[in-house]
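**Q** Structure file start08.pdb (PDB, C-alpha atoms) right here:
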```pdb
ATOM      1  CA  MET A   1     -65.576 -51.914  -8.791
ATOM      2  CA  ILE A   2     -64.168 -48.788 -10.314
ATOM      3  CA  PHE A   3     -62.950 -46.489  -7.605
ATOM      4  CA  GLN A   4     -63.568 -43.346  -9.562
ATOM      5  CA  LYS A   5     -67.238 -44.111  -9.971
ATOM      6  CA  ILE A   6     -67.763 -44.139  -6.224
ATOM      7  CA  THR A   7     -69.205 -40.707  -5.788
ATOM      8  CA  HIS A   8     -69.078 -38.594  -2.703
ATOM      9  CA  ARG A   9     -72.050 -36.240  -2.460
ATOM     10  CA  GLY A  10     -72.409 -36.390  -6.197
ATOM     11  CA  GLN A  11     -68.768 -35.619  -6.940
ATOM     12  CA  LEU A  12     -65.845 -37.779  -7.987
ATOM     13  CA  PHE A  13     -63.972 -39.002  -4.931
ATOM     14  CA  LEU A  14     -60.275 -38.851  -5.780
ATOM     15  CA  GLN A  15     -60.737 -35.593  -7.649
ATOM     16  CA  LYS A  16     -62.317 -33.952  -4.620
ATOM     17  CA  ILE A  17     -60.467 -35.068  -1.521
ATOM     18  CA  ASP A  18     -61.779 -33.579   1.714
ATOM     19  CA  PRO A  19     -59.042 -31.111   2.807
ATOM     20  CA  LYS A  20     -59.694 -32.032   6.452
ATOM     21  CA  SER A  21     -59.063 -35.720   5.800
ATOM     22  CA  ASN A  22     -55.677 -37.190   6.686
ATOM     23  CA  GLN A  23     -56.122 -40.129   4.346
ATOM     24  CA  ARG A  24     -53.755 -39.485   1.482
ATOM     25  CA  GLU A  25     -52.946 -42.982   0.226
ATOM     26  CA  PHE A  26     -55.285 -44.953  -2.002
ATOM     27  CA  VAL A  27     -55.125 -48.266  -3.866
ATOM     28  CA  ILE A  28     -57.215 -49.104  -6.920
ATOM     29  CA  LYS A  29     -57.587 -52.846  -7.519
ATOM     30  CA  ASN A  30     -58.841 -54.631 -10.653
ATOM     31  CA  PRO A  31     -58.909 -51.589 -12.971
ATOM     32  CA  LEU A  32     -59.781 -53.975 -15.876
ATOM     33  CA  GLY A  33     -58.505 -51.600 -18.520
ATOM     34  CA  ASN A  34     -60.951 -48.842 -17.683
ATOM     35  CA  HIS A  35     -60.412 -45.409 -19.177
ATOM     36  CA  ALA A  36     -59.548 -42.034 -17.611
ATOM     37  CA  LEU A  37     -58.687 -43.462 -14.198
ATOM     38  CA  CYS A  38     -57.155 -40.841 -11.897
ATOM     39  CA  ALA A  39     -57.738 -38.112 -14.486
ATOM     40  CA  GLY A  40     -57.814 -34.591 -13.080
ATOM     41  CA  LEU A  41     -56.392 -35.234  -9.605
ATOM     42  CA  GLN A  42     -55.450 -31.972  -7.893
ATOM     43  CA  ASP A  43     -54.388 -32.870  -4.369
ATOM     44  CA  GLU A  44     -51.188 -34.260  -2.925
ATOM     45  CA  VAL A  45     -52.262 -37.882  -2.756
ATOM     46  CA  GLN A  46     -50.532 -41.175  -3.421
ATOM     47  CA  VAL A  47     -52.526 -43.557  -5.633
ATOM     48  CA  THR A  48     -51.415 -47.064  -6.594
ATOM     49  CA  ILE A  49     -53.282 -48.815  -9.397
ATOM     50  CA  LYS A  50     -52.775 -52.581  -9.371
ATOM     51  CA  GLY A  51     -53.386 -53.816 -12.906
ATOM     52  CA  HIS A  52     -53.610 -52.706 -16.524
ATOM     53  CA  VAL A  53     -55.487 -49.512 -17.352
ATOM     54  CA  GLY A  54     -57.069 -47.999 -20.457
ATOM     55  CA  TYR A  55     -56.807 -44.647 -22.190
ATOM     56  CA  TYR A  56     -55.890 -41.267 -20.656
ATOM     57  CA  CYS A  57     -54.915 -42.529 -17.222
ATOM     58  CA  ALA A  58     -53.656 -39.781 -14.874
ATOM     59  CA  GLY A  59     -54.449 -37.076 -17.422
ATOM     60  CA  MET A  60     -54.208 -33.440 -16.295
ATOM     61  CA  ASN A  61     -52.528 -34.567 -13.087
ATOM     62  CA  LYS A  62     -51.620 -31.869 -10.589
ATOM     63  CA  ASN A  63     -49.635 -32.675  -7.410
ATOM     64  CA  ALA A  64     -50.640 -36.346  -7.155
ATOM     65  CA  ASN A  65     -48.185 -39.237  -7.133
ATOM     66  CA  ILE A  66     -49.674 -42.049  -9.217
ATOM     67  CA  ILE A  67     -48.099 -45.493  -9.624
ATOM     68  CA  ILE A  68     -49.513 -47.927 -12.176
ATOM     69  CA  GLU A  69     -48.458 -51.517 -11.621
ATOM     70  CA  GLY A  70     -49.308 -52.658 -15.132
ATOM     71  CA  ASN A  71     -49.551 -51.382 -18.695
ATOM     72  CA  VAL A  72     -51.267 -48.174 -19.739
ATOM     73  CA  GLY A  73     -53.263 -47.281 -22.837
ATOM     74  CA  THR A  74     -53.105 -44.233 -25.086
ATOM     75  CA  GLY A  75     -52.350 -40.824 -23.583
ATOM     76  CA  VAL A  76     -51.093 -41.626 -20.084
ATOM     77  CA  ALA A  77     -50.385 -38.441 -18.073
ATOM     78  CA  GLU A  78     -51.701 -36.338 -20.947
ATOM     79  CA  ASN A  79     -51.421 -32.619 -20.227
ATOM     80  CA  MET A  80     -49.900 -33.252 -16.790
ATOM     81  CA  MET A  81     -49.158 -30.083 -14.837
ATOM     82  CA  SER A  82     -47.095 -31.402 -11.913
ATOM     83  CA  GLY A  83     -46.612 -34.484  -9.739
ATOM     84  CA  LEU A  84     -45.292 -37.908 -10.658
ATOM     85  CA  VAL A  85     -46.736 -40.713 -12.759
ATOM     86  CA  HIS A  86     -44.815 -43.989 -12.673
ATOM     87  CA  VAL A  87     -45.820 -46.762 -15.101
ATOM     88  CA  LYS A  88     -44.270 -50.102 -14.207
ATOM     89  CA  GLY A  89     -45.269 -51.788 -17.472
ATOM     90  CA  ASN A  90     -45.424 -50.622 -21.097
ATOM     91  CA  ALA A  91     -47.177 -47.511 -22.347
ATOM     92  CA  SER A  92     -49.227 -47.108 -25.499
ATOM     93  CA  GLN A  93     -49.225 -44.150 -27.876
ATOM     94  CA  SER A  94     -48.909 -40.451 -26.994
ATOM     95  CA  ALA A  95     -47.541 -40.959 -23.479
ATOM     96  CA  GLY A  96     -47.084 -37.626 -21.695
ATOM     97  CA  ALA A  97     -48.615 -35.698 -24.598
ATOM     98  CA  THR A  98     -48.748 -31.905 -24.150
ATOM     99  CA  GLY A  99     -47.450 -32.225 -20.553
ATOM    100  CA  HIS A 100     -46.633 -28.888 -18.921
ATOM    101  CA  GLY A 101     -44.699 -30.161 -15.893
ATOM    102  CA  GLY A 102     -44.101 -32.994 -13.478
ATOM    103  CA  THR A 103     -42.395 -36.284 -14.233
ATOM    104  CA  LEU A 104     -43.539 -39.357 -16.142
ATOM    105  CA  VAL A 105     -41.460 -42.509 -15.669
ATOM    106  CA  ILE A 106     -42.131 -45.575 -17.840
ATOM    107  CA  ASP A 107     -40.260 -48.727 -16.841
ATOM    108  CA  GLY A 108     -41.099 -50.591 -20.055
ATOM    109  CA  ASP A 109     -41.418 -49.374 -23.643
ATOM    110  CA  ALA A 110     -43.476 -46.455 -24.903
ATOM    111  CA  SER A 111     -45.179 -46.654 -28.264
ATOM    112  CA  SER A 112     -45.325 -44.051 -31.014
ATOM    113  CA  ARG A 113     -45.597 -40.283 -30.483
ATOM    114  CA  CYS A 114     -44.298 -40.351 -26.925
ATOM    115  CA  GLY A 115     -44.060 -36.766 -25.643
ATOM    116  CA  ILE A 116     -45.905 -35.258 -28.596
ATOM    117  CA  SER A 117     -46.128 -31.477 -28.164
ATOM    118  CA  MET A 118     -44.629 -31.658 -24.664
ATOM    119  CA  LYS A 119     -44.417 -28.292 -22.928
ATOM    120  CA  GLY A 120     -42.182 -28.734 -19.896
ATOM    121  CA  ILE A 121     -42.737 -32.277 -18.651
ATOM    122  CA  ASP A 122     -39.831 -34.637 -17.947
ATOM    123  CA  ILE A 123     -40.431 -38.050 -19.520
ATOM    124  CA  ILE A 124     -38.092 -40.930 -18.707
ATOM    125  CA  VAL A 125     -38.564 -44.133 -20.715
ATOM    126  CA  LYS A 126     -36.419 -47.013 -19.512
ATOM    127  CA  GLY A 127     -37.209 -49.064 -22.621
ATOM    128  CA  SER A 128     -37.580 -47.872 -26.207
ATOM    129  CA  VAL A 129     -39.915 -45.379 -27.858
ATOM    130  CA  GLY A 130     -41.910 -45.665 -31.081
ATOM    131  CA  HIS A 131     -41.909 -43.469 -34.165
ATOM    132  CA  MET A 132     -42.362 -39.692 -34.116
ATOM    133  CA  SER A 133     -41.545 -39.317 -30.439
ATOM    134  CA  ALA A 134     -41.196 -35.724 -29.198
ATOM    135  CA  PHE A 135     -43.066 -34.520 -32.318
ATOM    136  CA  MET A 136     -43.367 -30.712 -32.106
ATOM    137  CA  ALA A 137     -42.045 -30.828 -28.533
ATOM    138  CA  GLN A 138     -41.755 -27.311 -27.145
ATOM    139  CA  SER A 139     -39.908 -27.667 -23.847
ATOM    140  CA  GLY A 140     -39.020 -30.260 -21.235
ATOM    141  CA  ASN A 141     -36.858 -33.360 -21.423
ATOM    142  CA  LEU A 142     -37.448 -36.721 -23.087
ATOM    143  CA  ILE A 143     -34.943 -39.236 -21.770
ATOM    144  CA  ILE A 144     -34.786 -42.614 -23.515
ATOM    145  CA  LEU A 145     -32.655 -45.394 -22.078
ATOM    146  CA  GLY A 146     -33.412 -47.731 -24.987
ATOM    147  CA  ASP A 147     -33.737 -47.044 -28.725
ATOM    148  CA  ALA A 148     -35.949 -44.693 -30.715
ATOM    149  CA  ASP A 149     -37.866 -45.486 -33.907
ATOM    150  CA  GLU A 150     -38.184 -43.341 -37.034
ATOM    151  CA  TYR A 151     -38.572 -39.536 -37.133
ATOM    152  CA  LEU A 152     -37.394 -38.808 -33.586
ATOM    153  CA  GLY A 153     -38.016 -35.149 -32.688
ATOM    154  CA  ASP A 154     -39.821 -34.234 -35.900
ATOM    155  CA  SER A 155     -40.450 -30.447 -36.081
ATOM    156  CA  ILE A 156     -39.091 -30.056 -32.548
ATOM    157  CA  TYR A 157     -38.906 -26.667 -30.821
ATOM    158  CA  GLU A 158     -36.847 -26.237 -27.628
ATOM    159  CA  ALA A 159     -37.389 -29.552 -25.836
ATOM    160  CA  LYS A 160     -34.328 -31.692 -25.208
ATOM    161  CA  ILE A 161     -34.059 -35.348 -26.170
ATOM    162  CA  TYR A 162     -31.450 -37.598 -24.557
ATOM    163  CA  CYS A 163     -31.092 -41.108 -25.964
ATOM    164  CA  LEU A 164     -28.831 -43.861 -24.684
ATOM    165  CA  GLY A 165     -29.537 -46.331 -27.497
ATOM    166  CA  LYS A 166     -29.786 -45.860 -31.248
ATOM    167  CA  GLU A 167     -32.281 -43.763 -33.154
ATOM    168  CA  LYS A 168     -33.599 -45.200 -36.402
ATOM    169  CA  SER A 169     -33.921 -41.789 -38.022
ATOM    170  CA  LEU A 170     -34.343 -38.158 -37.027
ATOM    171  CA  GLY A 171     -37.376 -36.106 -38.044
ATOM    172  CA  ALA A 172     -37.438 -32.814 -39.925
ATOM    173  CA  ASP A 173     -35.311 -30.085 -38.286
ATOM    174  CA  CYS A 174     -33.996 -32.366 -35.540
ATOM    175  CA  ILE A 175     -30.224 -32.688 -35.196
ATOM    176  CA  GLU A 176     -27.736 -34.219 -32.814
ATOM    177  CA  LYS A 177     -26.268 -31.618 -30.465
ATOM    178  CA  GLU A 178     -23.193 -31.420 -28.312
ATOM    179  CA  MET A 179     -23.360 -33.198 -24.957
ATOM    180  CA  ASN A 180     -21.319 -30.703 -22.959
ATOM    181  CA  GLU A 181     -20.669 -30.481 -19.186
ATOM    182  CA  LYS A 182     -23.764 -28.356 -18.599
ATOM    183  CA  GLU A 183     -25.992 -30.902 -20.338
ATOM    184  CA  ILE A 184     -24.396 -33.828 -18.498
ATOM    185  CA  LYS A 185     -25.067 -32.069 -15.195
ATOM    186  CA  HIS A 186     -28.646 -31.284 -16.206
ATOM    187  CA  LEU A 187     -29.340 -34.905 -17.237
ATOM    188  CA  SER A 188     -27.590 -36.250 -14.179
ATOM    189  CA  SER A 189     -29.848 -34.244 -11.837
ATOM    190  CA  ILE A 190     -33.017 -35.598 -13.529
ATOM    191  CA  LEU A 191     -31.783 -39.204 -13.400
ATOM    192  CA  LYS A 192     -30.647 -38.843  -9.802
ATOM    193  CA  ALA A 193     -34.045 -37.508  -8.721
ATOM    194  CA  GLN A 194     -35.622 -40.780  -9.917
ATOM    195  CA  ASN A 195     -32.803 -43.039  -8.649
ATOM    196  CA  ILE A 196     -31.936 -44.201 -12.153
ATOM    197  CA  LYS A 197     -28.479 -45.611 -12.525
ATOM    198  CA  ALA A 198     -27.327 -44.707 -16.012
ATOM    199  CA  ASP A 199     -24.163 -42.913 -17.064
ATOM    200  CA  PRO A 200     -25.198 -39.446 -18.342
ATOM    201  CA  LYS A 201     -21.980 -39.211 -20.353
ATOM    202  CA  LYS A 202     -23.097 -42.049 -22.632
ATOM    203  CA  PHE A 203     -26.276 -40.306 -23.796
ATOM    204  CA  LYS A 204     -26.621 -38.504 -27.100
ATOM    205  CA  ARG A 205     -28.575 -35.255 -27.175
ATOM    206  CA  TYR A 206     -30.940 -34.100 -29.902
ATOM    207  CA  GLY A 207     -32.621 -30.766 -30.424
ATOM    208  CA  SER A 208     -33.880 -28.305 -32.981
ATOM    209  CA  ALA A 209     -31.777 -27.012 -35.869
ATOM    210  CA  ARG A 210     -34.198 -24.029 -35.784
ATOM    211  CA  ASN A 211     -34.578 -23.966 -39.549
ATOM    212  CA  LEU A 212     -38.348 -24.404 -39.545
ATOM    213  CA  TYR A 213     -39.144 -21.632 -37.042
ATOM    214  CA  ASN A 214     -40.005 -19.177 -39.761
ATOM    215  CA  PHE A 215     -41.541 -19.991 -43.102
ATOM    216  CA  LYS A 216     -38.992 -20.197 -45.872
ATOM    217  CA  ILE A 217     -40.001 -21.174 -49.371
ATOM    218  CA  ASP A 218     -36.853 -23.362 -49.640
ATOM    219  CA  ASN A 219     -38.149 -25.558 -46.802
ATOM    220  CA  VAL A 220     -41.633 -26.052 -48.188
ATOM    221  CA  SER A 221     -41.085 -29.771 -48.706
ATOM    222  CA  SER A 222     -40.295 -30.197 -44.992
ATOM    223  CA  TYR A 223     -43.543 -28.685 -43.687
TER     224      TYR A 223
ATOM    225  CA  MET B 224     -63.591 -52.273 -29.179
ATOM    226  CA  VAL B 225     -62.753 -55.528 -30.974
ATOM    227  CA  LEU B 226     -61.118 -58.724 -29.800
ATOM    228  CA  TYR B 227     -59.701 -61.582 -31.850
ATOM    229  CA  LEU B 228     -58.599 -64.645 -30.016
ATOM    230  CA  TYR B 229     -56.313 -67.325 -31.330
ATOM    231  CA  HIS B 230     -55.873 -70.603 -29.518
ATOM    232  CA  ARG B 231     -52.525 -72.081 -30.450
ATOM    233  CA  HIS B 232     -53.250 -74.149 -33.552
ATOM    234  CA  PRO B 233     -51.070 -75.376 -36.455
ATOM    235  CA  LYS B 234     -52.927 -73.272 -39.025
ATOM    236  CA  GLY B 235     -51.442 -70.075 -37.649
ATOM    237  CA  PHE B 236     -52.395 -66.456 -37.072
ATOM    238  CA  ALA B 237     -50.799 -63.166 -38.052
ATOM    239  CA  VAL B 238     -51.175 -59.496 -37.158
ATOM    240  CA  LEU B 239     -50.211 -56.527 -39.314
ATOM    241  CA  ARG B 240     -50.825 -53.002 -38.124
ATOM    242  CA  ASP B 241     -51.199 -49.949 -40.379
ATOM    243  CA  GLU B 242     -47.971 -48.123 -41.261
ATOM    244  CA  ILE B 243     -48.544 -44.981 -39.185
ATOM    245  CA  ALA B 244     -50.004 -46.694 -36.100
ATOM    246  CA  CYS B 245     -53.230 -44.781 -36.584
ATOM    247  CA  LYS B 246     -55.375 -47.685 -35.401
ATOM    248  CA  PRO B 247     -55.006 -48.726 -31.767
ATOM    249  CA  ALA B 248     -53.850 -52.289 -31.140
ATOM    250  CA  VAL B 249     -52.657 -54.400 -28.243
ATOM    251  CA  ILE B 250     -51.474 -58.006 -28.130
ATOM    252  CA  ALA B 251     -51.614 -60.338 -25.127
ATOM    253  CA  GLU B 252     -49.609 -63.519 -25.425
ATOM    254  CA  THR B 253     -49.691 -66.523 -23.088
ATOM    255  CA  LYS B 254     -48.611 -70.132 -23.585
ATOM    256  CA  ASP B 255     -52.246 -71.050 -24.335
ATOM    257  CA  TYR B 256     -53.466 -68.232 -26.558
ATOM    258  CA  VAL B 257     -52.722 -64.998 -28.375
ATOM    259  CA  ALA B 258     -55.292 -62.214 -28.181
ATOM    260  CA  ILE B 259     -55.379 -59.013 -30.205
ATOM    261  CA  ALA B 260     -57.695 -56.129 -29.463
ATOM    262  CA  SER B 261     -57.961 -52.394 -29.937
ATOM    263  CA  GLU B 262     -57.684 -51.874 -26.183
ATOM    264  CA  PHE B 263     -56.899 -53.906 -23.079
ATOM    265  CA  GLN B 264     -60.441 -53.573 -21.741
ATOM    266  CA  ALA B 265     -61.645 -56.036 -24.384
ATOM    267  CA  MET B 266     -59.348 -58.761 -23.067
ATOM    268  CA  ALA B 267     -59.512 -57.886 -19.358
ATOM    269  CA  HIS B 268     -61.595 -60.969 -18.522
ATOM    270  CA  LEU B 269     -59.508 -63.556 -20.388
ATOM    271  CA  PRO B 270     -57.987 -66.272 -18.190
ATOM    272  CA  ASP B 271     -54.514 -65.456 -16.851
ATOM    273  CA  VAL B 272     -54.402 -62.246 -18.904
ATOM    274  CA  ASN B 273     -52.674 -60.425 -16.073
ATOM    275  CA  LYS B 274     -49.740 -62.820 -16.395
ATOM    276  CA  ALA B 275     -49.645 -62.476 -20.197
ATOM    277  CA  ASN B 276     -46.958 -60.672 -22.141
ATOM    278  CA  ILE B 277     -48.855 -57.549 -23.219
ATOM    279  CA  TYR B 278     -47.421 -55.181 -25.821
ATOM    280  CA  GLU B 279     -48.380 -52.913 -28.665
ATOM    281  CA  PRO B 280     -47.513 -54.169 -32.179
ATOM    282  CA  LYS B 281     -45.188 -51.929 -34.157
ATOM    283  CA  PRO B 282     -46.612 -50.362 -37.314
ATOM    284  CA  GLY B 283     -45.967 -52.199 -40.578
ATOM    285  CA  VAL B 284     -44.416 -55.223 -38.879
ATOM    286  CA  VAL B 285     -45.883 -58.721 -39.340
ATOM    287  CA  TYR B 286     -46.276 -60.696 -36.127
ATOM    288  CA  SER B 287     -47.154 -64.350 -36.736
ATOM    289  CA  TRP B 288     -47.803 -67.480 -34.724
ATOM    290  CA  GLY B 289     -48.138 -71.106 -35.827
ATOM    291  CA  SER B 290     -46.905 -72.284 -39.229
TER     292      SER B 290
END
```
Give the structure from the file, written as structure tokens.

**A**
Amino acid sequence: MIFQKITHRGQLFLQKIDPKSNQREFVIKNPLGNHALCAGLQDEVQVTIKGHVGYYCAGMNKNANIIIEGNVGTGVAENMMSGLVHVKGNASQSAGATGHGGTLVIDGDASSRCGISMKGIDIIVKGSVGHMSAFMAQSGNLIILGDADEYLGDSIYEAKIYCLGKEKSLGADCIEKEMNEKEIKHLSSILKAQNIKADPKKFKRYGSARNLYNFKIDNVSSY
Amino acid sequence: MVLYLYHRHPKGFAVLRDEIACKPAVIAETKDYVAIASEFQAMAHLPDVNKANIYEPKPGVVYSWGS
């Protein structure tokens, strides 16, 4: 039974929690890879999904704390505004895409285009990420404890990428930047908030060289 | 939504995904079978699939089983 399809007076249940209700913890069993589970939650609730889910799980999340005890499909926590999404398995493509805020933690690997066009979200991947991660990322932090595939941070704006492992190649206009005291402190606070034991001093930081901000005819091959 | 199922057999089975990972793909591997589908939902009812090793194949990399 899909929890989300249980309607309450014609409206989706988890998306429309009764403000007078004290029940704030929910468990979804046997999700069977269904799509858009827990999409558009707006209240401070704790939801645990026991199993593997399909596309766009926890999309547009606001305030809710969602734990997925399994793998997730394409676009987990897409356009998240706030709250926490914790994936205990692997994530498919475009994890945390266009996220404005909140935190996405992936215990396993994330596939290609992780954090594409991110706008303020913090994404922590304990495994590795696929190609073109943080593509056109505008702000926020992508923290990778494993390795990164080709074209990391392609056409990046002001988001910050921290990588503990090796990157296969950097994308257009993405360069390695200095990991100074301020950055170590910043990274340390994000890791500490999620109880992740990793030495912030060992990370490498990547960001924008800011050469593609304005159109220059010399850069035409990079666009 | 497509599902291909391969029961371990000497003839073998291989998966190759497109170079830019445009097409969705997921692999579930157990000691009895290997399943490939465009999404997990297609393989959600396979036996012991929740204990399987489930991962997304990397683009342009050949994954093969059998001989």

**Q** Using all atoms listed in the file, I'd like every residue of chain B that has an atom within 6 Å of chain A; please write them out as a PyMOL selection string.

**A** chain B and resi 263-264+267

**Q** Using all atoms listed in the file, give me every residue within 9 Å of (-42.5, -31.4, -15.9) in file coordinates, as a ChimeraX atom specification.

**A** /A:80-84,99-104,119-123,140-141

**Q** Would you output that residue set with C-alpha atoms, as a compact mmCIF listing (two decimals), in the frame of the given file?

**A**
```
# COMPACT_ATOMS: atom_id res chain seq x y z
CA MET A 80 -49.90 -33.25 -16.79
CA MET A 81 -49.16 -30.08 -14.84
CA SER A 82 -47.10 -31.40 -11.91
CA GLY A 83 -46.61 -34.48 -9.74
CA LEU A 84 -45.29 -37.91 -10.66
CA GLY A 99 -47.45 -32.22 -20.55
CA HIS A 100 -46.63 -28.89 -18.92
CA GLY A 101 -44.70 -30.16 -15.89
CA GLY A 102 -44.10 -32.99 -13.48
CA THR A 103 -42.40 -36.28 -14.23
CA LEU A 104 -43.54 -39.36 -16.14
CA LYS A 119 -44.42 -28.29 -22.93
CA GLY A 120 -42.18 -28.73 -19.90
CA ILE A 121 -42.74 -32.28 -18.65
CA ASP A 122 -39.83 -34.64 -17.95
CA ILE A 123 -40.43 -38.05 -19.52
CA GLY A 140 -39.02 -30.26 -21.24
CA ASN A 141 -36.86 -33.36 -21.42
```

**Q** What does the distance from atom CA of A:Ile17 to atom CA of A:Ser94 come to in Å, to one decimal?

**A**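 So the two atoms, atom CA of A:Ile17 and atom CA of A:Ser94, lie 28.5 Å apart.
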
**Q** Around the point (-30.1, -32.5, -34.5), in the coordinates given by the file, pick out the residues reaching within 10 Å, counting only C-alpha atoms, and return them as a ChimeraX atom specification.

**A** /A:152-154,156,161,170-178,205-210

**Q** Quick one: which residues end up in the PyMOL selection byres ((chain B and resi 257) around 12) for this structure, as number ranges by chain?

**A** B: 226-232, 235-238, 249-256, 258-260, 266, 269-272, 275-278, 286-289

**Q** Rounded to one decimal in Å, what is the spacing between atom CA of A:Val85 and atom CA of A:Ser169?

**A**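 Distance reported for this atom pair: 28.3 Å.
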
**Q** Box time for stretch 271-276 of chain B: axis-aligned, enclosing all its listed atoms, 4 Å extra on each side; report centre and edge lengths in Å to one decimal, as lines of an AutoDock Vina configuration file.

**A**
```
center_x = -50.7
center_y = -62.9
center_z = -19.1
size_x = 15.6
size_y = 13.0
size_z = 14.1
```

**Q** Just want the 12 Å neighbourhood of A:Asn180, counted on all atoms listed in the file, with same-chain residues fewer than 6 positions away dropped. Output as an NGL selection string.

**A** :A and (186-187 or 200-205)

**Q** Measure the distance from atom CA of A:Ala58 to atom CA of A:Asp147 in Å and round it to one decimal.

**A**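 Pair atom CA of A:Ala58 / atom CA of A:Asp147 returns 25.3 Å.
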
**Q** Within 8 Å of A:Leu41, counting all atoms listed in the file, which residues show up once you throw out same-chain ones fewer than 5 positions away? Write them as a list in words, please.

**A** Leu14, Gln15, Lys16, Ala58, Met60, Asn61, Lys62, Asn63 and Ala64 of chain A

**Q** Any chance you could work out the residue set of the PyMOL selection byres ((chain A and resi 145) around 10) here, as a ChimeraX atom specification?

**A** /A:107,109,124-129,142-144,146-148,162-166,198,203

**Q** Write to file, as a PDB file, keeping the file's coordinate frame, the residues of the selection just made, with C-alpha atoms.

**A**
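Here's the written file part_15.pdb:
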```
ATOM      1  CA  ASP A 107     -40.260 -48.727 -16.841  1.00  0.00           C
ATOM      2  CA  ASP A 109     -41.418 -49.374 -23.643  1.00  0.00           C
ATOM      3  CA  ILE A 124     -38.092 -40.930 -18.707  1.00  0.00           C
ATOM      4  CA  VAL A 125     -38.564 -44.133 -20.715  1.00  0.00           C
ATOM      5  CA  LYS A 126     -36.419 -47.013 -19.512  1.00  0.00           C
ATOM      6  CA  GLY A 127     -37.209 -49.064 -22.621  1.00  0.00           C
ATOM      7  CA  SER A 128     -37.580 -47.872 -26.207  1.00  0.00           C
ATOM      8  CA  VAL A 129     -39.915 -45.379 -27.858  1.00  0.00           C
ATOM      9  CA  LEU A 142     -37.448 -36.721 -23.087  1.00  0.00           C
ATOM     10  CA  ILE A 143     -34.943 -39.236 -21.770  1.00  0.00           C
ATOM     11  CA  ILE A 144     -34.786 -42.614 -23.515  1.00  0.00           C
ATOM     12  CA  GLY A 146     -33.412 -47.731 -24.987  1.00  0.00           C
ATOM     13  CA  ASP A 147     -33.737 -47.044 -28.725  1.00  0.00           C
ATOM     14  CA  ALA A 148     -35.949 -44.693 -30.715  1.00  0.00           C
ATOM     15  CA  TYR A 162     -31.450 -37.598 -24.557  1.00  0.00           C
ATOM     16  CA  CYS A 163     -31.092 -41.108 -25.964  1.00  0.00           C
ATOM     17  CA  LEU A 164     -28.831 -43.861 -24.684  1.00  0.00           C
ATOM     18  CA  GLY A 165     -29.537 -46.331 -27.497  1.00  0.00           C
ATOM     19  CA  LYS A 166     -29.786 -45.860 -31.248  1.00  0.00           C
ATOM     20  CA  ALA A 198     -27.327 -44.707 -16.012  1.00  0.00           C
ATOM     21  CA  PHE A 203     -26.276 -40.306 -23.796  1.00  0.00           C
TER      22      PHE A 203
END
```
